[in-house]
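Below is query.cif, holding mmCIF, C-alpha atoms.
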```cif
data_work
#
loop_
_atom_site.group_PDB
_atom_site.id
_atom_site.type_symbol
_atom_site.label_atom_id
_atom_site.label_comp_id
_atom_site.auth_asym_id
_atom_site.auth_seq_id
_atom_site.Cartn_x
_atom_site.Cartn_y
_atom_site.Cartn_z
ATOM 1 C CA MET A 266 37.366 -37.310 -23.026
ATOM 2 C CA ASN A 267 34.287 -35.700 -24.569
ATOM 3 C CA ALA A 268 32.418 -36.170 -21.282
ATOM 4 C CA GLN A 269 35.257 -34.432 -19.452
ATOM 5 C CA LEU A 270 35.146 -31.448 -21.839
ATOM 6 C CA PHE A 271 31.377 -31.266 -21.471
ATOM 7 C CA SER A 272 31.548 -31.221 -17.675
ATOM 8 C CA GLN A 273 34.199 -28.487 -17.734
ATOM 9 C CA SER A 274 32.258 -26.308 -20.168
ATOM 10 C CA SER A 275 29.008 -26.685 -18.230
ATOM 11 C CA SER A 276 30.698 -25.609 -14.993
ATOM 12 C CA ALA A 277 32.273 -22.638 -16.790
ATOM 13 C CA LEU A 278 28.806 -21.491 -17.938
ATOM 14 C CA LYS A 279 27.171 -21.568 -14.527
ATOM 15 C CA GLY A 280 24.735 -18.716 -14.083
ATOM 16 C CA TYR A 281 24.086 -18.434 -17.819
ATOM 17 C CA GLU A 282 21.396 -21.122 -17.989
ATOM 18 C CA ASN A 283 18.551 -18.579 -18.090
ATOM 19 C CA LEU A 284 19.742 -16.538 -21.050
ATOM 20 C CA VAL A 285 17.057 -15.532 -23.534
ATOM 21 C CA GLU A 286 17.586 -14.286 -27.066
ATOM 22 C CA CYS A 287 16.299 -10.810 -27.939
ATOM 23 C CA PRO A 288 13.748 -10.925 -30.788
ATOM 24 C CA TYR A 289 15.070 -7.673 -32.272
ATOM 25 C CA ASN A 290 18.775 -8.565 -32.351
ATOM 26 C CA ARG A 291 19.872 -12.196 -32.043
ATOM 27 C CA ALA A 292 23.285 -11.094 -30.757
ATOM 28 C CA HIS A 293 21.604 -9.830 -27.565
ATOM 29 C CA GLN A 294 21.609 -12.578 -24.944
ATOM 30 C CA ILE A 295 19.719 -11.356 -21.872
ATOM 31 C CA MET A 296 19.009 -12.912 -18.478
ATOM 32 C CA GLN A 297 15.337 -13.845 -18.361
ATOM 33 C CA PHE A 298 14.484 -11.549 -15.428
ATOM 34 C CA ARG A 299 15.983 -8.522 -17.306
ATOM 35 C CA MET A 300 14.139 -9.174 -20.565
ATOM 36 C CA GLN A 301 11.278 -6.712 -19.932
ATOM 37 C CA THR A 302 13.718 -3.836 -19.364
ATOM 38 C CA HIS A 303 15.819 -4.805 -22.346
ATOM 39 C CA LEU A 304 12.811 -4.996 -24.675
ATOM 40 C CA THR A 305 11.739 -1.442 -23.870
ATOM 41 C CA LYS A 306 15.184 -0.247 -24.960
ATOM 42 C CA CYS A 307 15.292 -2.413 -28.082
ATOM 43 C CA ARG A 308 11.798 -1.334 -29.166
ATOM 44 C CA LYS A 309 13.051 2.253 -29.284
ATOM 45 C CA ASN A 310 16.150 1.290 -31.295
ATOM 46 C CA TYR A 311 14.313 -0.932 -33.797
ATOM 47 C CA LYS A 312 11.149 1.063 -34.525
ATOM 48 C CA ASP A 313 11.248 0.086 -38.205
ATOM 49 C CA LEU A 314 10.604 -3.605 -37.409
ATOM 50 C CA LYS A 315 6.916 -4.533 -37.274
ATOM 51 C CA TYR A 316 6.746 -6.483 -34.010
ATOM 52 C CA VAL A 317 3.708 -6.917 -31.759
ATOM 53 C CA LYS A 318 3.406 -8.117 -28.168
ATOM 54 C CA CYS A 319 2.031 -11.519 -27.317
ATOM 55 C CA PRO A 320 -1.314 -11.230 -25.476
ATOM 56 C CA PHE A 321 -0.168 -13.846 -22.938
ATOM 57 C CA ASN A 322 3.350 -12.607 -22.126
ATOM 58 C CA GLU A 323 4.716 -9.074 -22.441
ATOM 59 C CA THR A 324 8.236 -10.348 -23.084
ATOM 60 C CA HIS A 325 7.192 -12.108 -26.289
ATOM 61 C CA ASP A 326 7.647 -9.699 -29.204
ATOM 62 C CA ILE A 327 6.650 -11.410 -32.424
ATOM 63 C CA PRO A 328 6.603 -10.284 -36.068
ATOM 64 C CA GLU A 329 3.055 -9.290 -37.031
ATOM 65 C CA LYS A 330 2.760 -12.043 -39.641
ATOM 66 C CA GLU A 331 3.642 -14.770 -37.113
ATOM 67 C CA LEU A 332 1.247 -13.641 -34.353
ATOM 68 C CA PRO A 333 -1.682 -16.009 -35.145
ATOM 69 C CA ILE A 334 0.667 -19.020 -35.125
ATOM 70 C CA HIS A 335 2.342 -17.857 -31.906
ATOM 71 C CA VAL A 336 -0.998 -17.270 -30.148
ATOM 72 C CA GLU A 337 -2.012 -20.886 -30.816
ATOM 73 C CA ASN A 338 1.327 -22.318 -29.655
ATOM 74 C CA CYS A 339 2.398 -19.865 -26.907
ATOM 75 C CA VAL A 340 3.804 -21.562 -23.810
ATOM 76 C CA ASP A 341 2.114 -19.015 -21.525
ATOM 77 C CA ARG A 342 -1.325 -19.575 -23.040
ATOM 78 C CA GLU A 343 -1.939 -22.515 -20.712
ATOM 79 C CA SER A 344 -1.785 -20.379 -17.553
ATOM 80 C CA PHE A 345 -4.029 -17.758 -19.165
ATOM 81 C CA ASP A 346 -6.598 -20.379 -20.153
ATOM 82 C CA ARG A 347 -6.525 -21.842 -16.638
ATOM 83 C CA TYR A 348 -7.303 -18.406 -15.237
ATOM 84 C CA LYS A 349 -9.959 -17.539 -17.821
ATOM 85 C CA PHE A 350 -11.858 -20.827 -17.668
ATOM 86 C CA CYS A 351 -11.264 -21.530 -13.950
ATOM 87 C CA VAL A 352 -9.611 -24.871 -14.577
ATOM 88 C CA ALA A 353 -8.451 -26.189 -11.225
ATOM 89 C CA THR A 354 -5.892 -28.843 -10.476
ATOM 90 C CA SER A 355 -6.926 -31.970 -8.601
ATOM 91 C CA ALA A 356 -5.053 -30.771 -5.496
ATOM 92 C CA ALA A 357 -6.988 -27.494 -5.457
ATOM 93 C CA THR A 358 -10.393 -29.184 -5.661
ATOM 94 C CA ILE A 359 -9.932 -31.379 -2.582
ATOM 95 C CA VAL A 360 -11.701 -29.724 0.343
ATOM 96 C CA PRO A 361 -11.557 -31.371 3.754
ATOM 97 C CA GLU A 362 -14.974 -32.014 5.303
ATOM 98 C CA VAL A 363 -15.532 -30.503 8.734
ATOM 99 C CA ALA A 364 -18.659 -30.813 10.842
ATOM 100 C CA SER A 365 -20.543 -27.528 10.509
ATOM 101 C CA SER A 366 -22.129 -27.763 13.974
ATOM 102 C CA VAL A 367 -18.678 -27.693 15.586
ATOM 103 C CA ASP A 368 -17.703 -24.594 13.556
ATOM 104 C CA GLU A 369 -20.925 -22.748 14.468
ATOM 105 C CA SER A 370 -20.595 -23.440 18.194
ATOM 106 C CA LEU A 371 -16.953 -22.323 18.128
ATOM 107 C CA ASP A 372 -17.887 -19.092 16.316
ATOM 108 C CA ASN A 373 -20.628 -18.363 18.873
ATOM 109 C CA LYS A 374 -18.202 -18.819 21.769
ATOM 110 C CA ILE A 375 -15.588 -16.542 20.243
ATOM 111 C CA MET A 376 -17.691 -13.846 18.552
ATOM 112 C CA GLY A 377 -20.981 -14.069 20.390
ATOM 113 C CA ASN A 378 -24.207 -14.387 18.479
ATOM 114 C CA PRO A 379 -23.717 -12.595 15.131
ATOM 115 C CA LEU A 380 -27.440 -11.764 14.956
ATOM 116 C CA GLU A 381 -27.235 -9.732 18.173
ATOM 117 C CA GLU A 382 -24.355 -7.562 17.005
ATOM 118 C CA LEU A 383 -25.586 -4.169 15.786
ATOM 119 C CA TRP A 384 -22.961 -1.669 14.737
ATOM 120 C CA ASP A 385 -25.357 1.211 14.150
ATOM 121 C CA GLU A 386 -26.458 1.343 17.771
ATOM 122 C CA GLY A 387 -24.052 2.829 20.243
ATOM 123 C CA PRO A 388 -22.481 6.129 21.189
ATOM 124 C CA MET A 389 -22.180 8.720 18.465
ATOM 125 C CA VAL A 390 -18.529 9.615 17.954
ATOM 126 C CA ARG A 391 -17.188 12.417 15.812
ATOM 127 C CA ALA A 392 -15.093 11.464 12.823
ATOM 128 C CA TYR A 393 -11.347 11.932 13.101
ATOM 129 C CA ASN A 394 -10.118 15.187 11.563
ATOM 130 C CA PRO A 395 -6.348 15.026 10.956
ATOM 131 C CA HIS A 396 -6.065 18.746 10.175
ATOM 132 C CA ALA A 397 -7.649 19.762 13.482
ATOM 133 C CA TYR A 398 -5.442 17.315 15.385
ATOM 134 C CA ALA A 399 -2.282 18.612 13.691
ATOM 135 C CA ALA A 400 -3.276 22.220 14.485
ATOM 136 C CA ARG A 401 -3.450 21.358 18.223
ATOM 137 C CA SER A 402 -0.328 19.169 18.325
ATOM 138 C CA ASN A 403 3.375 19.888 18.237
ATOM 139 C CA VAL A 404 3.937 18.644 14.701
ATOM 140 C CA ILE A 405 5.427 20.278 11.642
ATOM 141 C CA ARG A 406 2.817 20.767 8.947
ATOM 142 C CA LYS A 407 3.666 21.073 5.277
ATOM 143 C CA CYS A 408 2.153 23.578 2.890
ATOM 144 C CA THR A 409 1.549 22.155 -0.557
ATOM 145 C CA GLY A 410 -0.235 23.546 -3.570
ATOM 146 C CA MET A 411 -0.174 27.156 -2.389
ATOM 147 C CA ALA A 412 0.872 30.351 -4.081
ATOM 148 C CA PRO A 413 4.139 31.900 -2.817
ATOM 149 C CA SER A 414 2.311 34.586 -0.814
ATOM 150 C CA GLN A 415 0.093 31.943 0.791
ATOM 151 C CA LYS A 416 3.146 29.828 1.639
ATOM 152 C CA LYS A 417 4.807 32.793 3.318
ATOM 153 C CA ALA A 418 1.687 33.505 5.397
ATOM 154 C CA PHE A 419 1.324 29.793 6.285
ATOM 155 C CA LYS A 420 4.955 29.543 7.430
ATOM 156 C CA GLU A 421 4.593 32.633 9.577
ATOM 157 C CA SER A 422 1.394 31.307 11.176
ATOM 158 C CA GLU A 423 3.145 27.957 11.783
ATOM 159 C CA ARG A 424 6.040 29.687 13.564
ATOM 160 C CA GLN A 425 3.507 31.515 15.742
ATOM 161 C CA ARG A 426 1.501 28.329 16.420
ATOM 162 C CA LEU A 427 4.601 26.325 17.404
ATOM 163 C CA ALA A 428 5.848 29.162 19.629
ATOM 164 C CA ASP A 429 2.446 29.277 21.412
ATOM 165 C CA LEU A 430 2.489 25.505 21.897
ATOM 166 C CA LYS A 431 6.016 25.705 23.309
ATOM 167 C CA ARG A 432 4.965 28.431 25.777
ATOM 168 C CA ARG A 433 1.938 26.392 26.916
ATOM 169 C CA TYR A 434 4.130 23.343 27.475
ATOM 170 C CA GLU A 435 6.637 25.370 29.519
ATOM 171 C CA VAL A 436 3.857 26.829 31.658
ATOM 172 C CA LYS A 437 2.421 23.358 32.335
ATOM 173 C CA THR A 438 5.834 21.992 33.360
ATOM 174 C CA GLU A 439 6.471 24.960 35.688
ATOM 175 C CA GLN A 440 3.118 24.448 37.445
ATOM 176 C CA LYS A 441 3.925 20.832 38.273
#
```
Once you've parsed the file, please lay out its structure as structure tokens.
Amino acid sequence: MNAQLFSQSSSALKGYENLVECPYNRAHQIMQFRMQTHLTKCRKNYKDLKYVKCPFNETHDIPEKELPIHVENCVDRESFDRYKFCVATSAATIVPEVASSVDESLDNKIMGNPLEELWDEGPMVRAYNPHAYAARSNVIRKCTGMAPSQKKAFKESERQRLADLKRRYEVKTEQK
């Protein structure tokens, strides 16, 4: 009968497996993925408590006195140490051996000889100027960071520019 009660209670609590307890108020049970957001709110409400953040995980708020003990025993320290000291797993260190002569000949067929490729030689091309292109094209330009009088003048010049472009387009279509 106890097994039956256990199976019923576990199915009733589905979706609540990842609940984490708030360090500021033990009555707060938060889903693990929402903990960061919750902690920012609780930090504001409990400013009088002397809590510090764990250097390995932002969601670990620990009383100041317990920080040295937590730093030694933190679950997330392992991943930090792996990153810091470049500790690789055995699967990551296995590199398949490939004949280098095959790779070089394949690269030469696809890319040509890399020693012959010179990017500096060739036709000189002007750099792209987006402002000049927009001034010649039928696009709506936005005026930002201008004084009100400058905005008014810009809008008026834009109306004139777009009207001229429209006239040119109509003339070109009539000639065809």
Among listed residues A:Asn394, A:Asp341, A:Gln440, A:Cys287, nearest Lys306 of chain A (using all atoms listed in the file): A:Cys287
Using the chain letters and numbering of this document, enumerate as a VMD selection string the residues selected by the PyMOL selection byres ((chain A and resi 405) around 12). chain A and resid 396 398 to 404 406 to 408 419 to 420 422 to 424 426 to 428 430
How would the residues just chosen look if you wrote them out with C-alpha atoms as a JSON list (two decimals), in the coordinates of the input?
```
[["chain", "number", "residue", "atom", "x", "y", "z"],
["A", 396, "HIS", "CA", -6.06, 18.75, 10.18],
["A", 398, "TYR", "CA", -5.44, 17.32, 15.38],
["A", 399, "ALA", "CA", -2.28, 18.61, 13.69],
["A", 400, "ALA", "CA", -3.28, 22.22, 14.48],
["A", 401, "ARG", "CA", -3.45, 21.36, 18.22],
["A", 402, "SER", "CA", -0.33, 19.17, 18.32],
["A", 403, "ASN", "CA", 3.38, 19.89, 18.24],
["A", 404, "VAL", "CA", 3.94, 18.64, 14.70],
["A", 406, "ARG", "CA", 2.82, 20.77, 8.95],
["A", 407, "LYS", "CA", 3.67, 21.07, 5.28],
["A", 408, "CYS", "CA", 2.15, 23.58, 2.89],
["A", 419, "PHE", "CA", 1.32, 29.79, 6.28],
["A", 420, "LYS", "CA", 4.96, 29.54, 7.43],
["A", 422, "SER", "CA", 1.39, 31.31, 11.18],
["A", 423, "GLU", "CA", 3.14, 27.96, 11.78],
["A", 424, "ARG", "CA", 6.04, 29.69, 13.56],
["A", 426, "ARG", "CA", 1.50, 28.33, 16.42],
["A", 427, "LEU", "CA", 4.60, 26.32, 17.40],
["A", 428, "ALA", "CA", 5.85, 29.16, 19.63],
["A", 430, "LEU", "CA", 2.49, 25.50, 21.90]]
```
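Atom to atom, atom CA of His325 of chain A and atom CA of Ala292 of chain A stand 16.7 Å apart.
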Determine the residue membership of the PyMOL selection byres ((chain A and resi 304) around 9) for the file above and supply it as an NGL selection string. :A and (287-289 or 299-303 or 305-309 or 324 or 326)
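We find atom CA of Val285 of chain A and atom CA of Gln297 of chain A to be spaced 5.7 Å apart.
The gap separating atom CA of Met296 of chain A from atom CA of Leu284 of chain A is 4.5 Å, in Å to one decimal.
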